[in-house]
$ cat target31.cif   # mmCIF, C-alpha atoms
data_model
#
loop_
_atom_site.label_atom_id
_atom_site.label_comp_id
_atom_site.auth_asym_id
_atom_site.auth_seq_id
_atom_site.Cartn_x
_atom_site.Cartn_y
_atom_site.Cartn_z
CA MET P 1 15.48 -15.15 19.85
CA HIS P 2 17.70 -14.16 22.79
CA ASP P 3 17.69 -10.46 21.90
CA VAL P 4 15.06 -9.04 19.55
CA TRP P 5 17.34 -6.16 18.63
CA GLY P 6 20.51 -8.24 18.39
CA VAL P 7 21.86 -10.51 15.70
CA ALA P 8 19.07 -11.65 13.37
CA HIS P 9 18.47 -15.38 13.10
CA LYS P 10 15.61 -17.71 12.31
CA THR P 11 12.93 -18.19 14.93
CA LEU P 12 11.27 -21.60 14.82
CA LEU P 13 7.59 -21.98 15.69
CA MET P 14 5.27 -24.97 15.49
CA ALA P 15 1.85 -24.88 13.85
CA SER P 16 1.04 -28.61 13.60
CA PRO P 17 2.83 -31.88 12.88
CA GLU P 18 2.24 -31.24 9.17
CA ILE P 19 3.00 -27.49 9.06
CA THR P 20 6.14 -25.84 10.39
CA LEU P 21 6.57 -22.10 10.84
CA GLU P 22 9.66 -19.97 11.06
CA ALA P 23 10.43 -16.27 11.22
CA VAL P 24 13.07 -15.46 8.63
CA PRO P 25 15.40 -12.46 9.18
CA SER P 26 15.68 -11.35 5.54
CA VAL P 27 13.70 -11.63 2.35
CA GLY P 28 17.03 -12.57 0.79
CA ASP P 29 16.89 -15.86 2.71
CA ILE P 30 13.80 -16.87 0.68
CA SER P 31 14.17 -17.70 -3.00
CA PRO P 32 12.42 -15.30 -5.38
CA ALA P 33 10.62 -18.25 -7.00
CA ASP P 34 9.16 -19.45 -3.68
CA TRP P 35 8.23 -15.96 -2.52
CA ASP P 36 6.57 -14.95 -5.78
CA ALA P 37 4.71 -18.26 -6.06
CA CYS P 38 3.01 -17.24 -2.81
CA ALA P 39 2.78 -13.48 -3.40
CA ASN P 40 1.49 -13.46 -6.98
CA PRO P 41 0.23 -16.97 -7.75
CA LYS P 42 -1.65 -17.85 -10.91
CA PRO P 43 -4.87 -19.26 -9.45
CA GLN P 44 -7.84 -20.65 -11.27
CA ARG P 45 -9.67 -17.47 -10.32
CA ALA P 46 -8.25 -13.95 -10.07
CA SER P 47 -9.43 -13.78 -6.46
CA ASP P 48 -9.26 -17.04 -4.55
CA LEU P 49 -9.46 -15.47 -1.12
CA ASP P 50 -13.00 -16.68 -0.49
CA SER P 51 -11.57 -20.10 0.32
CA LEU P 52 -9.95 -18.60 3.42
CA LEU P 53 -13.39 -18.03 4.92
CA PRO P 54 -15.51 -20.68 6.61
CA ALA P 55 -18.56 -21.86 4.69
CA GLY P 56 -21.40 -19.35 4.86
CA SER P 57 -19.17 -16.36 5.59
CA SER P 58 -19.62 -13.16 3.64
CA GLY P 59 -16.92 -12.60 1.06
CA SER P 60 -16.42 -11.42 -2.49
CA SER P 61 -16.34 -13.75 -5.46
CA CYS P 62 -14.68 -13.31 -8.82
CA ALA P 63 -14.78 -15.57 -11.83
CA ASP P 64 -12.22 -13.60 -13.83
CA LEU P 65 -9.51 -15.98 -15.01
CA LYS P 66 -6.84 -13.28 -15.34
CA PRO P 67 -4.11 -13.63 -12.69
CA VAL P 68 -3.74 -10.61 -10.45
CA TYR P 69 -0.25 -9.12 -10.10
CA ASN P 70 0.60 -6.73 -7.28
CA PRO P 71 4.14 -5.31 -7.58
CA PHE P 72 4.36 -4.33 -3.92
CA VAL P 73 4.27 -7.90 -2.63
CA SER P 74 6.88 -9.14 -5.12
CA HIS P 75 10.21 -10.46 -3.87
CA ALA P 76 11.97 -7.72 -5.85
CA PHE P 77 10.20 -4.91 -3.99
CA PHE P 78 10.95 -6.27 -0.52
CA LEU P 79 14.54 -7.04 -1.50
CA ALA P 80 15.00 -3.46 -2.71
CA ALA P 81 13.56 -2.12 0.57
CA GLU P 82 15.88 -4.27 2.68
CA ASP P 83 19.07 -4.30 0.60
CA SER P 84 18.92 -0.52 0.17
CA GLY P 85 18.99 0.03 3.93
CA SER P 86 15.46 1.45 3.93
CA ALA P 87 13.68 -1.32 5.88
CA ILE P 88 16.27 -2.74 8.28
CA ALA P 89 16.83 -2.97 12.03
CA ARG P 90 18.70 0.35 12.12
CA THR P 91 15.63 2.19 10.79
CA GLY P 92 13.29 0.33 13.15
CA TRP P 93 12.14 -2.26 10.62
CA LEU P 94 13.66 -5.60 11.69
CA PRO P 95 12.58 -8.27 9.15
CA ARG P 96 10.74 -11.22 10.66
CA HIS P 97 8.98 -12.75 7.66
CA LEU P 98 6.72 -15.57 8.78
CA VAL P 99 7.06 -18.67 6.59
CA ALA P 100 4.81 -21.75 6.64
CA LYS P 101 6.20 -24.99 5.20
CA VAL P 102 4.57 -28.30 4.35
CA ASP P 103 6.99 -31.19 3.77
CA ASP P 104 9.82 -28.64 3.82
CA ARG P 105 8.22 -26.72 0.91
CA ILE P 106 7.14 -23.11 1.39
CA ALA P 107 3.35 -22.91 1.30
CA GLY P 108 2.68 -19.44 2.72
CA ILE P 109 4.38 -16.24 3.84
CA VAL P 110 3.44 -13.16 5.83
CA PRO P 111 5.77 -10.21 5.14
CA CYS P 112 6.46 -9.03 8.68
CA TYR P 113 8.71 -6.67 10.61
CA LEU P 114 9.48 -6.21 14.30
CA LYS P 115 9.20 -2.47 14.85
CA SER P 116 10.42 -0.01 17.45
CA HIS P 117 8.12 2.83 16.32
CA SER P 118 4.97 3.50 14.28
CA GLN P 119 6.45 5.49 11.41
CA GLY P 120 5.99 4.72 7.72
CA GLU P 121 2.78 2.73 8.20
CA TYR P 122 -0.15 5.09 7.37
CA VAL P 123 -2.46 3.26 9.78
CA PHE P 124 -2.03 5.28 12.92
CA ASP P 125 -1.73 3.68 16.35
CA ARG P 126 0.41 6.22 18.21
CA GLY P 127 -2.56 7.04 20.45
CA TRP P 128 -2.77 3.38 21.46
CA ALA P 129 0.96 3.34 22.21
CA ASP P 130 0.80 6.54 24.29
CA ALA P 131 -2.17 5.32 26.32
CA TYR P 132 -0.62 1.92 26.99
CA GLU P 133 2.72 3.37 28.05
CA ARG P 134 1.05 5.94 30.33
CA ALA P 135 -0.66 2.98 32.00
CA GLY P 136 2.71 1.33 32.57
CA GLY P 137 2.78 -1.00 29.56
CA ARG P 138 5.41 -1.42 26.83
CA TYR P 139 3.95 -1.05 23.35
CA TYR P 140 7.19 -1.47 21.41
CA PRO P 141 8.40 -3.71 19.91
CA LYS P 142 5.34 -4.62 17.86
CA LEU P 143 4.91 -6.79 14.77
CA GLN P 144 3.90 -5.12 11.52
CA ALA P 145 2.65 -7.29 8.64
CA SER P 146 2.78 -4.84 5.77
CA VAL P 147 4.69 -3.48 2.81
CA PRO P 148 7.12 -0.90 4.25
CA PHE P 149 6.24 2.75 3.60
CA THR P 150 3.42 1.75 1.23
CA PRO P 151 -0.28 2.50 1.93
CA ALA P 152 -1.49 0.29 -0.92
CA SER P 153 -3.98 -2.52 -0.47
CA GLY P 154 -2.96 -6.05 -1.35
CA PRO P 155 -2.55 -9.58 -0.04
CA ARG P 156 -0.86 -10.01 3.33
CA LEU P 157 -1.39 -13.75 3.79
CA LEU P 158 0.63 -14.88 0.80
CA ILE P 159 -0.40 -18.46 0.01
CA ARG P 160 0.89 -20.67 -2.77
CA ASP P 161 -1.66 -22.03 -5.20
CA GLY P 162 -2.54 -25.71 -4.88
CA VAL P 163 -2.44 -25.98 -1.06
CA ASP P 164 -5.24 -25.98 1.51
CA ARG P 165 -5.64 -22.22 1.76
CA GLU P 166 -7.75 -22.22 4.90
CA GLU P 167 -5.30 -24.51 6.69
CA ILE P 168 -2.25 -22.46 5.70
CA GLY P 169 -4.06 -19.19 6.40
CA SER P 170 -4.98 -20.42 9.89
CA ALA P 171 -1.39 -21.48 10.51
CA LEU P 172 -0.11 -18.05 9.47
CA ALA P 173 -2.67 -16.22 11.63
CA SER P 174 -1.80 -18.39 14.63
CA GLY P 175 1.88 -17.97 13.83
CA LEU P 176 1.63 -14.18 14.05
CA ILE P 177 0.14 -14.53 17.53
CA ALA P 178 2.86 -17.00 18.55
CA LEU P 179 5.55 -14.71 17.11
CA CYS P 180 4.23 -11.91 19.32
CA GLY P 181 5.00 -14.03 22.36
CA VAL P 182 8.43 -15.14 21.17
CA SER P 183 9.38 -11.57 20.22
CA LYS P 184 7.97 -10.02 23.42
CA ALA P 185 5.83 -7.83 21.17
CA SER P 186 2.70 -6.09 22.41
CA SER P 187 0.71 -6.65 19.24
CA ALA P 188 0.60 -7.71 15.59
CA HIS P 189 -0.81 -5.38 12.94
CA VAL P 190 -1.85 -6.54 9.46
CA THR P 191 -2.38 -3.33 7.49
CA PHE P 192 -3.90 -2.56 4.06
CA ALA P 193 -5.07 -6.16 3.76
CA ARG P 194 -7.73 -7.40 1.39
CA GLU P 195 -11.23 -7.43 2.78
CA ASP P 196 -11.42 -11.24 2.72
CA GLU P 197 -8.23 -11.49 4.75
CA TRP P 198 -9.60 -8.89 7.18
CA ARG P 199 -12.71 -10.99 7.74
CA PHE P 200 -10.68 -14.18 8.01
CA LEU P 201 -8.29 -12.73 10.60
CA ALA P 202 -11.28 -11.60 12.67
CA THR P 203 -12.20 -15.28 13.06
CA HIS P 204 -8.75 -15.77 14.62
CA GLY P 205 -9.08 -13.04 17.23
CA PHE P 206 -7.78 -10.01 15.35
CA LEU P 207 -9.63 -6.71 15.84
CA GLN P 208 -11.06 -5.08 12.72
CA ARG P 209 -10.19 -1.55 11.65
CA THR P 210 -11.24 0.46 8.60
CA ASP P 211 -10.01 3.66 7.02
CA GLN P 212 -10.47 5.47 3.75
CA GLN P 213 -8.55 6.33 0.61
CA PHE P 214 -9.58 7.77 -2.76
CA HIS P 215 -9.43 5.63 -5.89
CA TRP P 216 -10.32 6.27 -9.52
CA HIS P 217 -12.34 3.62 -11.35
CA ASN P 218 -12.20 3.02 -15.08
CA GLN P 219 -15.64 2.57 -16.64
CA GLY P 220 -14.30 1.32 -19.93
CA PHE P 221 -13.15 4.76 -21.10
CA ALA P 222 -11.32 4.99 -24.41
CA THR P 223 -9.94 8.50 -23.81
CA PHE P 224 -9.54 11.06 -21.04
CA ASP P 225 -12.31 13.08 -22.69
CA ASP P 226 -14.63 10.08 -22.25
CA PHE P 227 -13.91 10.26 -18.53
CA LEU P 228 -14.52 14.02 -18.47
CA ALA P 229 -17.87 13.50 -20.18
CA THR P 230 -19.14 11.72 -17.04
CA MET P 231 -18.52 14.79 -14.87
CA ASN P 232 -20.79 17.73 -14.22
CA SER P 233 -20.11 20.93 -16.11
CA ARG P 234 -18.39 22.82 -13.27
CA HIS P 235 -15.88 20.08 -12.51
CA ARG P 236 -15.31 19.23 -16.15
CA LYS P 237 -14.38 22.83 -16.92
CA GLY P 238 -12.28 23.04 -13.76
CA ILE P 239 -10.18 20.02 -14.72
CA LYS P 240 -9.61 21.34 -18.23
CA ARG P 241 -8.47 24.67 -16.80
CA GLU P 242 -6.15 23.00 -14.29
CA ARG P 243 -4.53 20.88 -16.98
CA ARG P 244 -3.93 23.95 -19.18
CA GLU P 245 -2.48 26.06 -16.36
CA ALA P 246 -0.29 23.23 -15.04
CA VAL P 247 1.90 23.41 -18.17
CA ALA P 248 1.44 27.11 -18.97
CA ALA P 249 4.98 28.07 -17.92
CA GLY P 250 6.60 26.10 -20.73
CA ILE P 251 6.42 22.81 -18.83
CA THR P 252 6.40 19.49 -20.66
CA ILE P 253 5.23 16.19 -19.16
CA HIS P 254 7.09 12.92 -19.79
CA ARG P 255 6.11 9.36 -18.90
CA LEU P 256 9.06 7.06 -18.33
CA THR P 257 8.90 3.33 -17.84
CA GLY P 258 11.18 0.36 -18.46
CA LYS P 259 14.56 1.16 -19.98
CA ASP P 260 13.56 4.82 -20.46
CA ILE P 261 14.14 5.37 -16.73
CA THR P 262 17.81 6.33 -16.54
CA GLU P 263 19.96 6.91 -13.48
CA ASP P 264 19.79 10.63 -14.29
CA ALA P 265 16.01 10.45 -14.02
CA TRP P 266 16.31 8.59 -10.71
CA ASP P 267 18.77 11.24 -9.45
CA ALA P 268 16.29 13.99 -10.30
CA PHE P 269 13.35 12.14 -8.80
CA PHE P 270 15.29 11.42 -5.59
CA ASP P 271 15.99 15.15 -5.24
CA PHE P 272 12.25 15.80 -5.51
CA TYR P 273 11.51 13.03 -3.02
CA MET P 274 14.02 14.35 -0.50
CA GLU P 275 12.85 17.96 -0.81
CA THR P 276 9.19 17.13 -0.30
CA GLY P 277 9.75 14.28 2.17
CA SER P 278 11.97 16.38 4.40
CA ARG P 279 9.19 18.94 4.75
CA LYS P 280 6.45 16.36 5.37
CA TRP P 281 8.16 13.77 7.56
CA GLY P 282 11.47 15.30 8.69
CA ARG P 283 13.40 12.29 7.39
CA PRO P 284 12.34 10.54 4.19
CA TYR P 285 12.11 6.76 4.47
CA LEU P 286 13.64 5.52 1.22
CA THR P 287 17.34 5.71 0.33
CA ARG P 288 18.73 6.63 -3.08
CA LYS P 289 19.88 3.02 -3.52
CA PHE P 290 16.29 1.82 -3.25
CA PHE P 291 15.34 3.55 -6.49
CA SER P 292 18.32 2.14 -8.38
CA LEU P 293 17.50 -1.38 -7.18
CA VAL P 294 13.87 -0.96 -8.24
CA GLY P 295 15.10 0.34 -11.58
CA ASP P 296 17.32 -2.71 -12.03
CA THR P 297 14.71 -5.34 -11.14
CA MET P 298 11.26 -3.76 -11.58
CA ALA P 299 11.61 -1.15 -14.31
CA GLU P 300 8.64 -2.53 -16.28
CA ASP P 301 6.50 -2.18 -13.14
CA VAL P 302 7.38 1.50 -12.68
CA LEU P 303 5.89 4.61 -14.24
CA LEU P 304 7.74 7.85 -13.58
CA VAL P 305 5.73 10.92 -14.56
CA MET P 306 8.26 13.74 -14.84
CA ALA P 307 7.86 17.46 -15.54
CA LYS P 308 10.55 19.43 -17.34
CA ARG P 309 11.04 23.18 -17.74
CA GLY P 310 13.94 25.01 -19.33
CA GLY P 311 15.77 21.78 -20.08
CA ARG P 312 15.75 20.35 -16.54
CA TRP P 313 13.49 18.11 -14.51
CA ILE P 314 11.50 20.10 -11.96
CA ALA P 315 8.91 17.66 -10.56
CA GLY P 316 7.89 14.04 -10.68
CA ALA P 317 5.74 11.23 -9.31
CA ILE P 318 6.45 7.51 -9.06
CA ASN P 319 3.75 4.95 -9.76
CA PHE P 320 3.83 1.14 -9.73
CA ILE P 321 1.93 -0.84 -12.36
CA GLY P 322 -0.12 -3.88 -11.40
CA SER P 323 -2.14 -6.16 -13.65
CA ASP P 324 -5.30 -4.11 -13.13
CA THR P 325 -4.25 -1.21 -10.90
CA LEU P 326 -1.91 1.77 -11.12
CA PHE P 327 -0.57 2.58 -7.66
CA GLY P 328 0.41 6.21 -7.16
CA ARG P 329 3.17 6.66 -4.61
CA ASN P 330 5.62 9.49 -3.98
CA TRP P 331 5.61 12.98 -5.45
CA GLY P 332 8.12 15.81 -5.22
CA ALA P 333 9.13 19.08 -6.88
CA ILE P 334 11.89 21.67 -6.79
CA GLU P 335 9.76 24.29 -8.54
CA HIS P 336 6.14 24.93 -7.65
CA HIS P 337 3.58 25.83 -10.29
CA PRO P 338 -0.21 26.03 -9.99
CA PHE P 339 -1.94 22.67 -10.49
CA LEU P 340 1.28 20.88 -11.50
CA HIS P 341 0.80 18.43 -8.62
CA PHE P 342 -2.68 17.54 -9.86
CA GLU P 343 -1.47 17.06 -13.42
CA VAL P 344 1.56 14.90 -12.58
CA CYS P 345 -0.06 12.81 -9.86
CA TYR P 346 -3.75 12.49 -10.76
CA TYR P 347 -4.56 13.37 -14.36
CA GLN P 348 -1.53 11.68 -15.91
CA ALA P 349 -2.27 8.57 -13.83
CA ILE P 350 -5.85 8.48 -15.12
CA ASP P 351 -4.72 8.99 -18.70
CA PHE P 352 -2.13 6.21 -18.40
CA ALA P 353 -4.66 3.83 -16.83
CA ILE P 354 -7.12 4.46 -19.66
CA GLN P 355 -4.43 3.79 -22.27
CA ARG P 356 -3.33 0.58 -20.53
CA GLY P 357 -6.87 -0.59 -19.81
CA LEU P 358 -6.27 -0.65 -16.05
CA LYS P 359 -9.36 -0.80 -13.85
CA THR P 360 -8.22 1.34 -10.92
CA VAL P 361 -5.86 4.10 -9.87
CA GLU P 362 -4.98 4.12 -6.18
CA ALA P 363 -3.77 7.61 -5.37
CA GLY P 364 -2.18 6.89 -1.99
CA ALA P 365 -3.11 8.05 1.48
CA GLN P 366 -5.43 10.91 2.49
CA GLY P 367 -6.58 13.84 0.37
CA GLU P 368 -10.27 14.74 0.10
CA HIS P 369 -9.29 17.16 -2.67
CA LYS P 370 -9.01 14.08 -4.90
CA ILE P 371 -12.80 13.80 -5.03
CA ALA P 372 -13.09 16.87 -7.28
CA ARG P 373 -10.62 15.14 -9.65
CA GLY P 374 -12.76 12.03 -10.03
CA TYR P 375 -11.35 9.84 -7.24
CA LEU P 376 -13.99 8.24 -5.01
CA PRO P 377 -13.83 7.12 -1.35
CA GLN P 378 -12.71 3.51 -0.90
CA THR P 379 -12.62 1.58 2.37
CA THR P 380 -9.27 0.11 3.43
CA TYR P 381 -8.84 -2.68 5.97
CA SER P 382 -6.45 -3.63 8.75
CA ALA P 383 -6.51 -6.30 11.47
CA HIS P 384 -4.88 -6.05 14.90
CA TYR P 385 -3.98 -8.66 17.49
CA ILE P 386 -3.51 -7.04 20.94
CA ALA P 387 -1.90 -9.29 23.54
CA ASP P 388 -2.91 -7.39 26.70
CA PRO P 389 -6.62 -8.09 27.41
CA ASP P 390 -7.26 -4.68 29.01
CA LEU P 391 -5.70 -2.80 26.10
CA ARG P 392 -7.54 -5.08 23.70
CA ARG P 393 -10.93 -4.25 25.25
CA ALA P 394 -10.25 -0.51 25.11
CA ILE P 395 -9.12 -0.65 21.48
CA ALA P 396 -12.05 -2.87 20.47
CA ASP P 397 -14.48 -0.30 21.86
CA TYR P 398 -12.68 2.51 20.06
CA LEU P 399 -12.61 0.63 16.76
CA LYS P 400 -16.35 -0.04 16.88
CA ARG P 401 -17.00 3.70 16.99
CA GLU P 402 -14.29 4.43 14.42
CA ARG P 403 -15.72 1.95 11.89
CA ALA P 404 -19.12 3.62 12.14
CA TYR P 405 -17.54 7.03 11.60
CA VAL P 406 -15.52 5.85 8.58
CA ALA P 407 -18.63 4.31 6.99
CA GLU P 408 -20.70 7.46 7.46
CA ALA P 409 -17.91 9.73 6.22
CA GLY P 410 -17.55 7.55 3.12
CA ARG P 411 -21.25 7.86 2.36
CA GLU P 412 -21.16 11.64 2.71
CA LEU P 413 -18.06 11.99 0.54
CA ALA P 414 -19.52 9.73 -2.15
CA GLU P 415 -22.54 12.02 -2.33
CA ALA P 416 -20.18 14.91 -3.12
CA ALA P 417 -18.78 13.11 -6.18
CA PRO P 418 -18.44 15.44 -9.19
CA PHE P 419 -20.24 13.22 -11.67
CA ARG P 420 -23.30 14.17 -13.72
CA LYS P 421 -26.71 13.59 -12.22
CA GLY P 422 -29.88 13.01 -14.21
CA GLY P 423 -30.58 16.70 -14.84
CA ASP P 424 -27.02 17.81 -15.61
CA GLU P 425 -26.25 19.07 -19.06
CA ALA P 426 -24.29 16.89 -21.48
CA PRO P 427 -20.80 18.12 -22.46
#

$ encode --input "target31.cif" --output "C-alpha cells"
Amino acid sequence: MHDVWGVAHKTLLMASPEITLEAVPSVGDISPADWDACANPKPQRASDLDSLLPAGSSGSSCADLKPVYNPFVSHAFFLAAEDSGSAIARTGWLPRHLVAKVDDRIAGIVPCYLKSHSQGEYVFDRGWADAYERAGGRYYPKLQASVPFTPASGPRLLIRDGVDREEIGSALASGLIALCGVSKASSAHVTFAREDEWRFLATHGFLQRTDQQFHWHNQGFATFDDFLATMNSRHRKGIKRERREAVAAGITIHRLTGKDITEDAWDAFFDFYMETGSRKWGRPYLTRKFFSLVGDTMAEDVLLVMAKRGGRWIAGAINFIGSDTLFGRNWGAIEHHPFLHFEVCYYQAIDFAIQRGLKTVEAGAQGEHKIARGYLPQTTYSAHYIADPDLRRAIADYLKRERAYVAEAGRELAEAAPFRKGGDEAP
C-alpha cells in the first residue's frame, strides 16, 4: 500500500503456506455468500467460539442447536454502510477487511477499517491518542475491527463453519498485527467482541478492555404485564404511569417492519435522526441513502417504532432484529413529550421481544436510567493491539485499573435493580 489514504487496492499478507491473507478495500469485493457464510454460519452449536480457545481455557459453552443470526455482521449491513457513503475514506473509515483463504476459498474475515479519528466507535481511546501525540508519537491512522457506528456486541473474527477455527482465528489475529505494520498504523482495536474472542485475542498479545451497557433479559414472559409483575411496587407503578403519560397528548405508537416501512417512513425517521444527531454529535454519521439501502435489503431485520400525533410522524427509533436479540439503535424526535423516549425506545422494544420470543434487548450505549426500566448492567469486551511498547505498557496499566472499576460498578448497579425482593408485595 504505497499511500494509505490514496487509491484503495488489495494488500497481500502471508499467514502460512496453507493460509493466505489479504486486506480488501470494499465489502463489495467479497461475495455476499462468502461473507455471510463466515459472519452468520449455521454451526452444530449456536456458539462454537469455545474452539478458538486452547484446551483448559475458560470459556462459555452452549448446546443450543439454533443458529445465531446477527444482522450487524451481515454483508448487507456493511454494504449499506459503504455504498451509502457513510463508512468510506472521506469520512475517515477506509475499508481494509482482512480475509483469510485456504486453497483460494474464503475461510475467515475480520471487518476492519483504517481510521483517521476515533469517532463513531463508542469505545473511547481519545485520551490514549492525546497522550501519545503529546509524547511525539502518531496515533492515527489506526485499525478498527468493528461494525461502523454500532455499539452492539457480536462476532468480530468471522469464521466459516467446517474449518479449523483455532488455526483461522490465529491467522486473523496475526494478520491484524501484520496489517498494522503494512498500514503504518499505531494500533488495532477489536471492539464489542464476544467474550470468547476477547479471551482468545489476549493469547495473541491484545490488551483486554471492558465496559458496560444495559440489556433487558426475557425470563419466558408471555406478556408485558408478566414482566411488570417481577418488579417492585414503586417501579411497577412508575412504568405504568410513564406509559400512560407518553401517549397522553393524542399520540399513537406504530411498529413497522418488512414491507410496511415505506420511503415516507424513512424520510420521517431520517429527519428525527438528523435533528437529534446534530445536537449530540455535531454531524450525524449515517446518510439518508443508508436507510433506503437497509430498507431494500434488510427490511425483515428492521423494526421501526414510530410515534404519530395529529396525522404526522413526530418521533421514532430504529431497531435491528437478530435470531435471539433485539438491538436498539438510533432515536430521534421533532416534538418532545414526557416519557415518549422511554416508551418508543425501551418499553416498545421489551413488548416486541416478548411477542417474538427474543431472549435479549440491547438498548445501545450508556444510560444508567435504563436500570429503572428493567435493563441490567452487562459487560462488553474489546481487545487492543498497541505497536509501541511504551504506549502499550502505559495502556495495560490503565486497563487493569479500569477493568476493576467496571466490575465493581456493575456489581453496585445490579444491586439497584428494580425487581422484587423476598419481602416485596405481589402485584

$ atom_distance --input "target31.cif" --atom1 "CA of Gly120 in chain P" --atom2 "CA of Tyr285 in chain P"
7.2 Å

$ closest_residue --input "target31.cif" --among "P:Ala188, P:Asp83, P:Ser183, P:Pro71" --to "Asp29 in chain P" --atoms "all atoms listed in the file"
P:Asp83

$ resolve_selection --input "target31.cif" --expression "the PyMOL selection byres ((chain P and resi 399-412) around 8)" --output "ChimeraX atom specification"
/P:207-212,377-379,395-398,413-416

$ residues_around --input "target31.cif" --residues "Leu176 in chain P" --least-positions-apart "4" --cutoff "12 Å" --atoms "all atoms listed in the file" --output "PyMOL selection string"
chain P and resi 13-15+21-23+96-100+109-114+142-145+156-157+169-172+180-183+185-190+201+204-206+383-387

$ residues_near_point --input "target31.cif" --point "(5.3, 8.2, -10.2)" --cutoff "6 Å" --atoms "all atoms listed in the file" --output "number ranges by chain"
P: 303-305, 317-319

$ closest_residue --input "target31.cif" --among "P:Gly220, P:Gly328, P:Pro95, P:Gly322" --to "Tyr69 in chain P" --atoms "only C-alpha atoms"
P:Gly322

$ residues_around --input "target31.cif" --residues "range 348-363 of chain P" --least-positions-apart "4" --cutoff "8 Å" --atoms "all atoms listed in the file" --output "PyMOL selection string"
chain P and resi 152+213-224+305+323-329+343-344

$ atom_distance --input "target31.cif" --atom1 "CA of Phe290 in chain P" --atom2 "CA of Tyr375 in chain P"
29.1 Å
